[in-house]
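**Student:** Attaching a single structure in structure tokens format; questions to follow.
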Number of protein chains: 2
Amino acid sequence: MTAYDELMAFQHDTEALAQISGRLGWDQETVMPRGAVAQRGLEMAAIEAVLHARRSDPRVGDWLERATPADAAAAAQLREIRRGYDRARKVPGELAKRLAQVTSEAQGKWAAARAAGDVAAFLPVLDEVVRLKREEGQALAAGTGDVYDAMLEDYEPGTTGAQIAAIFDAMRPRLVALRAAIRDRPAPKDLMGRFDEAAQLRLSHDLARTFGYDLYRGRIDKAVHPFSSGSGADVRITTRTAEDDPFNCLYSTIHEVGHAAYEQGIDAGYALTPLGRGVSMGVHESQSRIYENQIGRGRAFTGWLFGRMREAFGDFGIDDAEAFHAAVNKVRDGFIRTEADEVQYNLHIMLRFDLERALMSGDLQVGDLETAWNDRFAADFGYAVDRPANGCLQDVHWSVGLFGYFPTYALGNVYAGCLWEAMNGAVPDLGEGLARGDVSAATGWLRENLQRHGGLYPPREVIGRASGRAPDEAPLLAYLEAKFGEIYGL
Amino acid sequence: MTAYDELMAFQHDTEALAQISGRLGWDQETVMPRGAVAQRGLEMAAIEAVLHARRSDPRVGDWLERATPADAAAAAQLREIRRGYDRARKVPGELAKRLAQVTSEAQGKWAAARAAGDVAAFLPVLDEVVRLKREEGQALAAGTGDVYDAMLEDYEPGTTGAQIAAIFDAMRPRLVALRAAIRDRPAPKDLMGRFDEAAQLRLSHDLARTFGYDLYRGRIDKAVHPFSSGSGADVRITTRTAEDDPFNCLYSTIHEVGHAAYEQGIDAGYALTPLGRGVSMGVHESQSRIYENQIGRGRAFTGWLFGRMREAFGDFGIDDAEAFHAAVNKVRDGFIRTEADEVQYNLHIMLRFDLERALMSGDLQVGDLETAWNDRFAADFGYAVDRPANGCLQDVHWSVGLFGYFPTYALGNVYAGCLWEAMNGAVPDLGEGLARGDVSAATGWLRENLQRHGGLYPPREVIGRASGRAPDEAPLLAYLEAKFGEIYGL
């Protein structure tokens, strides 16, 4: 065996163990007995320690030095393995283990605190998470500088906090202006009535299949926070329901199907290798957001969905497809990021981006988080947070240590804007299929031009290759202004 | 840290990883997407390789040499770790990995072959399992002799095939005579009608709680073959339903609750250590069988259950508790081990015990298995197997490599007989509580005298301490002859 073959055989098992670790996360969020939280923390710590030891194994460094890639894919494998190796070597094993344990506990405490509306009950463990993450960031940044930039490398390799801030600065005034203009216009009608949960879940399964989710290699469960989990032949999603808001369930499902379809669309030859996963969180989010928004909330598709909704739920107080399209895309006051409309969504992200950068730099203390959140929210959104579950306790991310993750949601929107522009140029009759509920031309284009590559190209490169342009915020802003200008008659 | 402390810290993570591996097995049998079978095989192989490497780690040998136990519990920990270490050192890592992979695949093929009634579709992979298990047995037996005895060490340490054969030889004529006498008597009445699945599952949840299953640290799901899985704070069981036979579901649940209650009853201080698990499969089965049979199918408890069944299902053609007790314990012709009555159950085990010993010794070839099974079944039971799902494809065990496991079911019955005799001596008013559906005196006695010890005492010792006698088949046979003599008026 060559050094490359030996390295890949070793890495293959590491990837399999990482899949197992991910599946434990799925289990914890869906089926785990409540009383197992503490034990699960110890189990997660044990497998994370194994993964850390494998990723930082000196033999990996030796193989990396001696391996010569035969082609571009092999070179990309080595690039990704080296990234994981360098990262793992920088973080002490004990710290990685402690982080896995504390974040597992913190997740349970977050869920309890959120249910009880008790911020104070969550702060001590969050403080410990922040302390450990900062310690990890300092280890990762050693010699290169910014702690937060080092964290971004885990989610969006090659992107800095300053780059993101520049994009956000360009977006913010245009979004605020669009939002202000919408506020002066009459509000679209809302759906009326109660929507049977079982019927929501049935329609949500139908939509998942419509968007190409392969249930032979996946499954759908309920969870507090919808998510997608796993790669290769076992990619699971979760959704949630609200009896008065079927869009919560349906569009959460379509969103997670976007993530899952990306994983399921990767070339099977990359399975259980570093290329067999989505290349970054931002690119991942570009898929979930384009499925959910540009496709799923577009005029053509909502025309078809309107008929399906009538079949599933009967009369819900809206009589034509135009009013339905406006209802789907209604811009409304609200506290919850995952329920936010396309116009305000990025404002949610910017808030979290600034707060978590400040937590990491030490400019913000955990004890001041709730006040900082509420002040910033009031300033950006124009109304006050009413309770912690609608404020700083709404997201799972910080409890599980995902600092540096939030901005990738907005980057995903930016990437989705670029891909949507390119797809419309490449597939001129796109709307005709979507109006019949046939999304295969759109999902096929995405699979062919982006999804199948997995980790082959770095994030900005794969978006650039698929969209034919260096990614920036212009197409997204143009799309949003056109779409909402039309709905609201601006 | 002392050598003992270092060893226990290392072992703690090994136990946590073993819990994870077990939970993957639960996942595969309950919620895993069908298309994930092949990938799951690779994942299982990866974590088994990790476990094997840890169990055979030379540092463990070094720690074992230097460790001095402070008390009896510490000595027992060392005994169990040494057993695992010696075993792991004897089995090559590649063989362990290959076995994990092949048995994972074989399990899927067994399920498909069973559904299709296609023995031939299962034989090639079974042949591979047998070949690998024999290879493993030869490695384990090196220097000590019998391949099958070496396998028994995994499930019932300290017991040989010859010892088991001696017990079985003593039981067989008495059971055959009892069965023949019953056949000459009129058959008890059967339950009539269809039994709603949801109502079965509700009652089965109620019974699980009645028998002390802690659902805060567990859960109940449906699976093809009922099982219990996990230790400590995450002990899950599965059950199954048949619309015309509610006893299948209810007594499967009570049986698995017996296993789960044993795990849940172990002293919390032993969690994630070798003592934090049931000490052997035979002792485990003694708990499931005493819950299911001596308690659950006893006259006192069935009197109470009769009322609950009437509440849950209305009229099912049986009007009094005596007839209900006879129906619960009816001895009838049947093919399925897990549905067999107490009289015939051990005949099922003896058949499998002899066949698997012959497969391991090479006296029986996989290609001749179906004929051998069917011939032996006809000779022992008096009627012919009608289809493979009722014959050699009925059990999951061989597909997952569990050779040496079957006889522990009958040993469990023998142990349960000893425990039941002792419990009745120690708790004279036992029947009064059971007649009210209160099993707490029985389960409390078992927890106090047996379950809480976990792996502290070897199998025969823990049964001996609890029952006050060296375990043998006499109490079980006396119990069976008295119980069925009364029901059938012998």
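By order in the structure tokens, chains are A, B, ...; within a chain, residues start at 1; ligands start at 1, following the order shown.
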Report as a PDB file with all heavy atoms, in the first residue's frame all protein, DNA and RNA residues lying within 12 Å of Ala478 of chain A, evaluated on only C-alpha atoms, omitting residues in the same chain fewer than 6 positions from it.

**Tutor:**
ATOM      1  N   MET A 171     -25.238  44.700   2.916  1.00  0.00           N
ATOM      2  CA  MET A 171     -26.617  44.220   2.875  1.00  0.00           C
ATOM      3  C   MET A 171     -27.543  45.019   3.782  1.00  0.00           C
ATOM      4  O   MET A 171     -28.720  45.230   3.468  1.00  0.00           O
ATOM      5  CB  MET A 171     -26.679  42.746   3.291  1.00  0.00           C
ATOM      6  CG  MET A 171     -26.065  41.799   2.269  1.00  0.00           C
ATOM      7  SD  MET A 171     -25.808  40.143   2.963  1.00  0.00           S
ATOM      8  CE  MET A 171     -27.516  39.562   3.031  1.00  0.00           C
ATOM      9  N   ARG A 174     -29.713  48.157   2.634  1.00  0.00           N
ATOM     10  CA  ARG A 174     -30.698  47.805   1.600  1.00  0.00           C
ATOM     11  C   ARG A 174     -31.853  47.016   2.209  1.00  0.00           C
ATOM     12  O   ARG A 174     -33.015  47.215   1.845  1.00  0.00           O
ATOM     13  CB  ARG A 174     -30.035  46.972   0.491  1.00  0.00           C
ATOM     14  CG  ARG A 174     -28.915  47.692  -0.280  1.00  0.00           C
ATOM     15  CD  ARG A 174     -29.362  48.260  -1.617  1.00  0.00           C
ATOM     16  NE  ARG A 174     -29.760  47.248  -2.581  1.00  0.00           N
ATOM     17  CZ  ARG A 174     -28.956  46.698  -3.499  1.00  0.00           C
ATOM     18  NH1 ARG A 174     -27.677  47.056  -3.560  1.00  0.00           N
ATOM     19  NH2 ARG A 174     -29.423  45.836  -4.353  1.00  0.00           N
ATOM     20  N   LEU A 175     -31.539  46.105   3.159  1.00  0.00           N
ATOM     21  CA  LEU A 175     -32.592  45.301   3.790  1.00  0.00           C
ATOM     22  C   LEU A 175     -33.460  46.160   4.703  1.00  0.00           C
ATOM     23  O   LEU A 175     -34.688  46.004   4.745  1.00  0.00           O
ATOM     24  CB  LEU A 175     -31.987  44.138   4.574  1.00  0.00           C
ATOM     25  CG  LEU A 175     -31.323  43.053   3.715  1.00  0.00           C
ATOM     26  CD1 LEU A 175     -30.675  41.994   4.603  1.00  0.00           C
ATOM     27  CD2 LEU A 175     -32.341  42.423   2.767  1.00  0.00           C
ATOM     28  N   LEU A 178     -35.735  48.135   2.495  1.00  0.00           N
ATOM     29  CA  LEU A 178     -36.794  47.296   1.932  1.00  0.00           C
ATOM     30  C   LEU A 178     -37.858  47.014   2.994  1.00  0.00           C
ATOM     31  O   LEU A 178     -39.067  47.115   2.743  1.00  0.00           O
ATOM     32  CB  LEU A 178     -36.175  45.984   1.428  1.00  0.00           C
ATOM     33  CG  LEU A 178     -37.141  44.935   0.846  1.00  0.00           C
ATOM     34  CD1 LEU A 178     -37.931  45.517  -0.331  1.00  0.00           C
ATOM     35  CD2 LEU A 178     -36.362  43.687   0.404  1.00  0.00           C
ATOM     36  N   VAL A 343     -36.721  38.721   4.193  1.00  0.00           N
ATOM     37  CA  VAL A 343     -36.204  40.082   4.313  1.00  0.00           C
ATOM     38  C   VAL A 343     -35.509  40.279   5.661  1.00  0.00           C
ATOM     39  O   VAL A 343     -34.417  40.832   5.737  1.00  0.00           O
ATOM     40  CB  VAL A 343     -37.342  41.114   4.134  1.00  0.00           C
ATOM     41  CG1 VAL A 343     -36.823  42.535   4.347  1.00  0.00           C
ATOM     42  CG2 VAL A 343     -37.956  40.970   2.748  1.00  0.00           C
ATOM     43  N   VAL A 414     -26.536  34.392   0.561  1.00  0.00           N
ATOM     44  CA  VAL A 414     -25.763  35.078  -0.487  1.00  0.00           C
ATOM     45  C   VAL A 414     -25.428  34.092  -1.608  1.00  0.00           C
ATOM     46  O   VAL A 414     -25.617  34.385  -2.802  1.00  0.00           O
ATOM     47  CB  VAL A 414     -24.487  35.694   0.124  1.00  0.00           C
ATOM     48  CG1 VAL A 414     -23.513  36.131  -0.965  1.00  0.00           C
ATOM     49  CG2 VAL A 414     -24.855  36.863   1.041  1.00  0.00           C
ATOM     50  N   GLY A 417     -28.449  33.201  -3.652  1.00  0.00           N
ATOM     51  CA  GLY A 417     -28.759  34.260  -4.626  1.00  0.00           C
ATOM     52  C   GLY A 417     -27.966  34.066  -5.911  1.00  0.00           C
ATOM     53  O   GLY A 417     -28.515  34.160  -7.025  1.00  0.00           O
ATOM     54  N   CYS A 418     -26.679  33.775  -5.770  1.00  0.00           N
ATOM     55  CA  CYS A 418     -25.828  33.562  -6.946  1.00  0.00           C
ATOM     56  C   CYS A 418     -26.297  32.342  -7.749  1.00  0.00           C
ATOM     57  O   CYS A 418     -26.364  32.379  -8.991  1.00  0.00           O
ATOM     58  CB  CYS A 418     -24.379  33.344  -6.517  1.00  0.00           C
ATOM     59  SG  CYS A 418     -23.660  34.734  -5.616  1.00  0.00           S
ATOM     60  N   TRP A 420     -29.256  30.884  -7.802  1.00  0.00           N
ATOM     61  CA  TRP A 420     -30.593  31.078  -8.376  1.00  0.00           C
ATOM     62  C   TRP A 420     -30.497  31.876  -9.669  1.00  0.00           C
ATOM     63  O   TRP A 420     -31.125  31.532 -10.678  1.00  0.00           O
ATOM     64  CB  TRP A 420     -31.480  31.785  -7.348  1.00  0.00           C
ATOM     65  CG  TRP A 420     -32.891  32.046  -7.785  1.00  0.00           C
ATOM     66  CD1 TRP A 420     -33.480  33.267  -7.944  1.00  0.00           C
ATOM     67  CD2 TRP A 420     -33.903  31.074  -8.105  1.00  0.00           C
ATOM     68  NE1 TRP A 420     -34.793  33.124  -8.319  1.00  0.00           N
ATOM     69  CE2 TRP A 420     -35.071  31.782  -8.434  1.00  0.00           C
ATOM     70  CE3 TRP A 420     -33.922  29.682  -8.143  1.00  0.00           C
ATOM     71  CZ2 TRP A 420     -36.264  31.148  -8.787  1.00  0.00           C
ATOM     72  CZ3 TRP A 420     -35.105  29.042  -8.503  1.00  0.00           C
ATOM     73  CH2 TRP A 420     -36.261  29.777  -8.823  1.00  0.00           C
ATOM     74  N   GLU A 421     -29.674  32.918  -9.667  1.00  0.00           N
ATOM     75  CA  GLU A 421     -29.465  33.728 -10.867  1.00  0.00           C
ATOM     76  C   GLU A 421     -28.924  32.848 -11.998  1.00  0.00           C
ATOM     77  O   GLU A 421     -29.405  32.875 -13.137  1.00  0.00           O
ATOM     78  CB  GLU A 421     -28.479  34.862 -10.544  1.00  0.00           C
ATOM     79  CG  GLU A 421     -28.227  35.827 -11.693  1.00  0.00           C
ATOM     80  CD  GLU A 421     -27.149  36.864 -11.328  1.00  0.00           C
ATOM     81  OE1 GLU A 421     -25.976  36.459 -11.153  1.00  0.00           O
ATOM     82  OE2 GLU A 421     -27.490  38.042 -11.195  1.00  0.00           O
ATOM     83  N   ASP A 472     -20.994  37.238  -4.355  1.00  0.00           N
ATOM     84  CA  ASP A 472     -21.208  38.428  -3.537  1.00  0.00           C
ATOM     85  C   ASP A 472     -22.700  38.609  -3.308  1.00  0.00           C
ATOM     86  O   ASP A 472     -23.507  37.815  -3.782  1.00  0.00           O
ATOM     87  CB  ASP A 472     -20.565  39.680  -4.157  1.00  0.00           C
ATOM     88  CG  ASP A 472     -21.259  40.108  -5.433  1.00  0.00           C
ATOM     89  OD1 ASP A 472     -22.502  39.975  -5.543  1.00  0.00           O
ATOM     90  OD2 ASP A 472     -20.575  40.582  -6.354  1.00  0.00           O
ATOM     91  N   PHE A 484     -40.104  41.059  -3.381  1.00  0.00           N
ATOM     92  CA  PHE A 484     -40.964  41.715  -2.393  1.00  0.00           C
ATOM     93  C   PHE A 484     -41.531  43.035  -2.930  1.00  0.00           C
ATOM     94  O   PHE A 484     -42.597  43.464  -2.503  1.00  0.00           O
ATOM     95  CB  PHE A 484     -40.221  41.877  -1.059  1.00  0.00           C
ATOM     96  CG  PHE A 484     -40.076  40.553  -0.347  1.00  0.00           C
ATOM     97  CD1 PHE A 484     -38.969  39.737  -0.571  1.00  0.00           C
ATOM     98  CD2 PHE A 484     -41.089  40.087   0.476  1.00  0.00           C
ATOM     99  CE1 PHE A 484     -38.867  38.504   0.040  1.00  0.00           C
ATOM    100  CE2 PHE A 484     -40.989  38.857   1.096  1.00  0.00           C
ATOM    101  CZ  PHE A 484     -39.875  38.052   0.870  1.00  0.00           C
ATOM    102  N   GLY A 485     -40.815  43.654  -3.875  1.00  0.00           N
ATOM    103  CA  GLY A 485     -41.384  44.811  -4.537  1.00  0.00           C
ATOM    104  C   GLY A 485     -42.665  44.442  -5.266  1.00  0.00           C
ATOM    105  O   GLY A 485     -43.659  45.176  -5.229  1.00  0.00           O
TER     106      GLY A 485
END

**Student:** As a PyMOL selection string, please: all residues of segment 203-355 of chain A that backbone DSSP puts in alpha helix (DSSP H).

**Tutor:** chain A and resi 203-210+246-265+281-289+299-313+321-328+342-355

**Student:** Distance atom CA of Ala46 of chain B-atom CA of Gly61 of chain A, one decimal place?

**Tutor:**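 One can read the atom CA of Ala46 of chain B to atom CA of Gly61 of chain A distance as 20.8 Å.
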
**Student:** How close does each residue of chain B get to chain A, giving the shortest atom pair and distance in Å to one decimal for every residue with an atom at most 6 Å away, counting only C-alpha atoms, sorted by chain and residue number, as a Markdown table?

**Tutor:**
| residue | atom | partner | partner_atom | distance |
| --- | --- | --- | --- | --- |
| B:Asp13 | CA | A:Ala46 | CA | 5.2 |
| B:Ala16 | CA | A:Glu43 | CA | 4.9 |
| B:Pro33 | CA | A:Arg217 | CA | 5.3 |
| B:Arg34 | CA | A:Tyr216 | CA | 5.8 |
| B:Gly35 | CA | A:Arg217 | CA | 4.7 |
| B:Ala36 | CA | A:Ala233 | CA | 4.8 |
| B:Glu43 | CA | A:Ala16 | CA | 4.9 |
| B:Ala46 | CA | A:Asp13 | CA | 5.3 |
| B:Tyr216 | CA | A:Gly35 | CA | 5.1 |
| B:Arg217 | CA | A:Gly35 | CA | 4.7 |
| B:Gly218 | CA | A:Pro33 | CA | 5.4 |
| B:Ala233 | CA | A:Ala36 | CA | 4.8 |
| B:Asp234 | CA | A:Ala36 | CA | 5.3 |

**Student:** Quick one: residues within 8 Å of Arg277 of chain B, only C-alpha atoms counted, chain neighbours fewer than 4 positions away excluded, as a PDB file with N, CA and C atoms, in the first residue's frame?

**Tutor:**
ATOM      1  N   SER B 231     -27.226  -0.174  29.117  1.00  0.00           N
ATOM      2  CA  SER B 231     -27.030  -0.276  30.553  1.00  0.00           C
ATOM      3  C   SER B 231     -27.087   1.116  31.164  1.00  0.00           C
ATOM      4  N   GLY B 232     -27.212   1.145  32.505  1.00  0.00           N
ATOM      5  CA  GLY B 232     -27.155   2.425  33.215  1.00  0.00           C
ATOM      6  C   GLY B 232     -28.392   3.253  32.978  1.00  0.00           C
ATOM      7  N   GLU B 263     -30.759  -4.356  34.442  1.00  0.00           N
ATOM      8  CA  GLU B 263     -29.773  -3.305  34.136  1.00  0.00           C
ATOM      9  C   GLU B 263     -30.049  -2.044  34.949  1.00  0.00           C
ATOM     10  N   ILE B 266     -29.040  -2.157  38.820  1.00  0.00           N
ATOM     11  CA  ILE B 266     -27.638  -2.268  39.261  1.00  0.00           C
ATOM     12  C   ILE B 266     -27.223  -0.984  39.986  1.00  0.00           C
ATOM     13  N   THR B 273     -18.810   0.822  34.205  1.00  0.00           N
ATOM     14  CA  THR B 273     -17.693  -0.059  34.575  1.00  0.00           C
ATOM     15  C   THR B 273     -18.124  -1.486  34.231  1.00  0.00           C
ATOM     16  N   GLY B 454     -25.016  -6.379  39.909  1.00  0.00           N
ATOM     17  CA  GLY B 454     -24.412  -6.301  38.579  1.00  0.00           C
ATOM     18  C   GLY B 454     -23.401  -7.423  38.387  1.00  0.00           C
ATOM     19  N   GLY B 455     -22.174  -7.051  38.016  1.00  0.00           N
ATOM     20  CA  GLY B 455     -21.147  -8.050  37.745  1.00  0.00           C
ATOM     21  C   GLY B 455     -20.294  -8.415  38.944  1.00  0.00           C
TER      22      GLY B 455
END

**Student:** Could you list, as a PyMOL selection string, every residue within 9 Å of segment 392-399 of chain A, counting only C-alpha atoms and ignoring same-chain residues fewer than 4 positions away?

**Tutor:** chain A and resi 102-111+113-114+117-119+122+125-126+129-130+225+335-338+356+369-370+373-374+387-388+403+405-406

**Student:** Might you pull out every residue within 10 Å of segment 305-311 of chain A, with only C-alpha atoms counted and same-chain residues fewer than 4 positions away left off, and present them as a PDB file with N, CA and C atoms, in the first residue's frame?

**Tutor:**
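The file below, part_34.pdb, is the result:
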ATOM      1  N   ALA A 199     -52.095  15.768   9.345  1.00  0.00           N
ATOM      2  CA  ALA A 199     -52.169  16.195   7.940  1.00  0.00           C
ATOM      3  C   ALA A 199     -50.940  17.024   7.571  1.00  0.00           C
ATOM      4  N   GLN A 200     -50.462  17.853   8.499  1.00  0.00           N
ATOM      5  CA  GLN A 200     -49.225  18.606   8.247  1.00  0.00           C
ATOM      6  C   GLN A 200     -48.059  17.654   7.990  1.00  0.00           C
ATOM      7  N   LEU A 203     -48.397  15.935   4.567  1.00  0.00           N
ATOM      8  CA  LEU A 203     -48.037  16.832   3.459  1.00  0.00           C
ATOM      9  C   LEU A 203     -46.528  17.104   3.483  1.00  0.00           C
ATOM     10  N   ASP A 206     -44.867  14.327   1.815  1.00  0.00           N
ATOM     11  CA  ASP A 206     -45.053  14.442   0.365  1.00  0.00           C
ATOM     12  C   ASP A 206     -44.094  15.476  -0.222  1.00  0.00           C
ATOM     13  N   LEU A 207     -43.970  16.615   0.459  1.00  0.00           N
ATOM     14  CA  LEU A 207     -43.079  17.664  -0.037  1.00  0.00           C
ATOM     15  C   LEU A 207     -41.629  17.196  -0.021  1.00  0.00           C
ATOM     16  N   PRO A 246     -49.097  26.063   9.523  1.00  0.00           N
ATOM     17  CA  PRO A 246     -48.581  24.908   8.771  1.00  0.00           C
ATOM     18  C   PRO A 246     -47.271  25.220   8.039  1.00  0.00           C
ATOM     19  N   GLY A 296     -39.071  27.038  -3.138  1.00  0.00           N
ATOM     20  CA  GLY A 296     -40.273  26.687  -2.379  1.00  0.00           C
ATOM     21  C   GLY A 296     -41.214  27.854  -2.128  1.00  0.00           C
ATOM     22  N   ARG A 297     -40.662  29.052  -1.976  1.00  0.00           N
ATOM     23  CA  ARG A 297     -41.507  30.229  -1.750  1.00  0.00           C
ATOM     24  C   ARG A 297     -41.663  31.088  -3.005  1.00  0.00           C
ATOM     25  N   ARG A 299     -43.172  32.207  -6.765  1.00  0.00           N
ATOM     26  CA  ARG A 299     -44.559  32.310  -7.241  1.00  0.00           C
ATOM     27  C   ARG A 299     -45.012  31.034  -7.939  1.00  0.00           C
ATOM     28  N   ALA A 300     -44.142  30.454  -8.764  1.00  0.00           N
ATOM     29  CA  ALA A 300     -44.554  29.262  -9.531  1.00  0.00           C
ATOM     30  C   ALA A 300     -44.902  28.109  -8.599  1.00  0.00           C
ATOM     31  N   PHE A 301     -44.010  27.810  -7.665  1.00  0.00           N
ATOM     32  CA  PHE A 301     -44.231  26.646  -6.806  1.00  0.00           C
ATOM     33  C   PHE A 301     -45.385  26.862  -5.832  1.00  0.00           C
ATOM     34  N   ASP A 315     -60.772  24.601   3.460  1.00  0.00           N
ATOM     35  CA  ASP A 315     -60.784  26.062   3.389  1.00  0.00           C
ATOM     36  C   ASP A 315     -59.958  26.660   4.522  1.00  0.00           C
ATOM     37  N   PHE A 316     -59.034  27.563   4.186  1.00  0.00           N
ATOM     38  CA  PHE A 316     -58.299  28.256   5.237  1.00  0.00           C
ATOM     39  C   PHE A 316     -58.313  29.765   5.018  1.00  0.00           C
ATOM     40  N   ILE A 318     -58.271  31.668   2.311  1.00  0.00           N
ATOM     41  CA  ILE A 318     -57.569  32.327   1.207  1.00  0.00           C
ATOM     42  C   ILE A 318     -58.031  31.679  -0.086  1.00  0.00           C
ATOM     43  N   ASP A 319     -58.474  32.516  -1.038  1.00  0.00           N
ATOM     44  CA  ASP A 319     -59.196  31.977  -2.194  1.00  0.00           C
ATOM     45  C   ASP A 319     -58.414  31.942  -3.496  1.00  0.00           C
ATOM     46  N   ASP A 320     -57.272  32.597  -3.550  1.00  0.00           N
ATOM     47  CA  ASP A 320     -56.546  32.557  -4.823  1.00  0.00           C
ATOM     48  C   ASP A 320     -55.048  32.447  -4.585  1.00  0.00           C
ATOM     49  N   ALA A 321     -54.374  31.981  -5.629  1.00  0.00           N
ATOM     50  CA  ALA A 321     -52.950  31.675  -5.540  1.00  0.00           C
ATOM     51  C   ALA A 321     -52.104  32.914  -5.268  1.00  0.00           C
ATOM     52  N   GLU A 322     -52.544  34.076  -5.759  1.00  0.00           N
ATOM     53  CA  GLU A 322     -51.765  35.303  -5.513  1.00  0.00           C
ATOM     54  C   GLU A 322     -51.767  35.657  -4.038  1.00  0.00           C
ATOM     55  N   ALA A 323     -52.946  35.599  -3.430  1.00  0.00           N
ATOM     56  CA  ALA A 323     -53.047  35.899  -1.993  1.00  0.00           C
ATOM     57  C   ALA A 323     -52.279  34.864  -1.184  1.00  0.00           C
ATOM     58  N   PHE A 324     -52.294  33.604  -1.666  1.00  0.00           N
ATOM     59  CA  PHE A 324     -51.544  32.543  -0.981  1.00  0.00           C
ATOM     60  C   PHE A 324     -50.040  32.825  -1.050  1.00  0.00           C
ATOM     61  N   HIS A 325     -49.582  33.225  -2.247  1.00  0.00           N
ATOM     62  CA  HIS A 325     -48.167  33.553  -2.406  1.00  0.00           C
ATOM     63  C   HIS A 325     -47.756  34.697  -1.482  1.00  0.00           C
ATOM     64  N   VAL A 328     -47.561  33.266   2.089  1.00  0.00           N
ATOM     65  CA  VAL A 328     -46.335  32.479   2.287  1.00  0.00           C
ATOM     66  C   VAL A 328     -45.152  33.398   2.547  1.00  0.00           C
ATOM     67  N   LEU A 434     -41.988  24.092 -12.062  1.00  0.00           N
ATOM     68  CA  LEU A 434     -42.316  24.418 -10.672  1.00  0.00           C
ATOM     69  C   LEU A 434     -43.816  24.642 -10.498  1.00  0.00           C
ATOM     70  N   ALA A 435     -44.457  25.240 -11.504  1.00  0.00           N
ATOM     71  CA  ALA A 435     -45.899  25.494 -11.416  1.00  0.00           C
ATOM     72  C   ALA A 435     -46.703  24.205 -11.422  1.00  0.00           C
ATOM     73  N   ARG A 436     -46.084  23.115 -11.883  1.00  0.00           N
ATOM     74  CA  ARG A 436     -46.738  21.797 -11.840  1.00  0.00           C
ATOM     75  C   ARG A 436     -46.282  20.984 -10.627  1.00  0.00           C
ATOM     76  N   GLY A 437     -45.493  21.601  -9.746  1.00  0.00           N
ATOM     77  CA  GLY A 437     -44.973  20.864  -8.593  1.00  0.00           C
ATOM     78  C   GLY A 437     -43.822  19.945  -8.959  1.00  0.00           C
TER      79      GLY A 437
END

**Student:** From the options A:Ser229, A:Ser288, A:Gln138, A:Thr2, which residue's atoms come nearest to Tyr415 of chain A, counting only C-alpha atoms?

**Tutor:**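 Among A:Ser229, A:Ser288, A:Gln138, A:Thr2, it is A:Ser288 that comes nearest to Tyr415 of chain A.
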
**Student:** Can you list, as a PyMOL selection string, every residue of segment 121-289 of chain B that DSSP puts in strand (DSSP E or B)?

**Tutor:** chain B and resi 220-222+228-229+236-239

**Student:** Those same residues, written as a PDB file, in the first residue's frame with C-alpha atoms?

**Tutor:**
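Contents of selection.pdb, as written:
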ATOM      1  CA  ILE B 220     -40.308   1.064  24.213  1.00  0.00           C
ATOM      2  CA  ASP B 221     -40.362   0.653  20.430  1.00  0.00           C
ATOM      3  CA  LYS B 222     -41.561  -1.966  17.991  1.00  0.00           C
ATOM      4  CA  SER B 228     -33.451  -5.125  25.543  1.00  0.00           C
ATOM      5  CA  SER B 229     -30.456  -2.899  24.925  1.00  0.00           C
ATOM      6  CA  ARG B 236     -34.343   0.482  25.883  1.00  0.00           C
ATOM      7  CA  ILE B 237     -36.682  -2.375  25.086  1.00  0.00           C
ATOM      8  CA  THR B 238     -38.680  -3.360  22.036  1.00  0.00           C
ATOM      9  CA  THR B 239     -41.854  -5.350  21.630  1.00  0.00           C
TER      10      THR B 239
END

**Student:** What's around Glu342 of chain B at 8 Å? Count only C-alpha atoms, leave out sequence neighbours fewer than 4 positions away in its own chain, and write the answer as a PyMOL selection string.

**Tutor:** chain B and resi 293+329+346+480

**Student:** Export, as a PDB file, in the first residue's frame, the selected residues with C-alpha atoms.

**Tutor:**
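File selection.pdb, as written:
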ATOM      1  CA  ASN B 293     -43.393 -16.719  33.817  1.00  0.00           C
ATOM      2  CA  ASN B 329     -50.527 -20.979  30.141  1.00  0.00           C
ATOM      3  CA  ASN B 346     -36.567 -25.805  26.731  1.00  0.00           C
ATOM      4  CA  LEU B 480     -43.474 -26.784  36.211  1.00  0.00           C
TER       5      LEU B 480
END
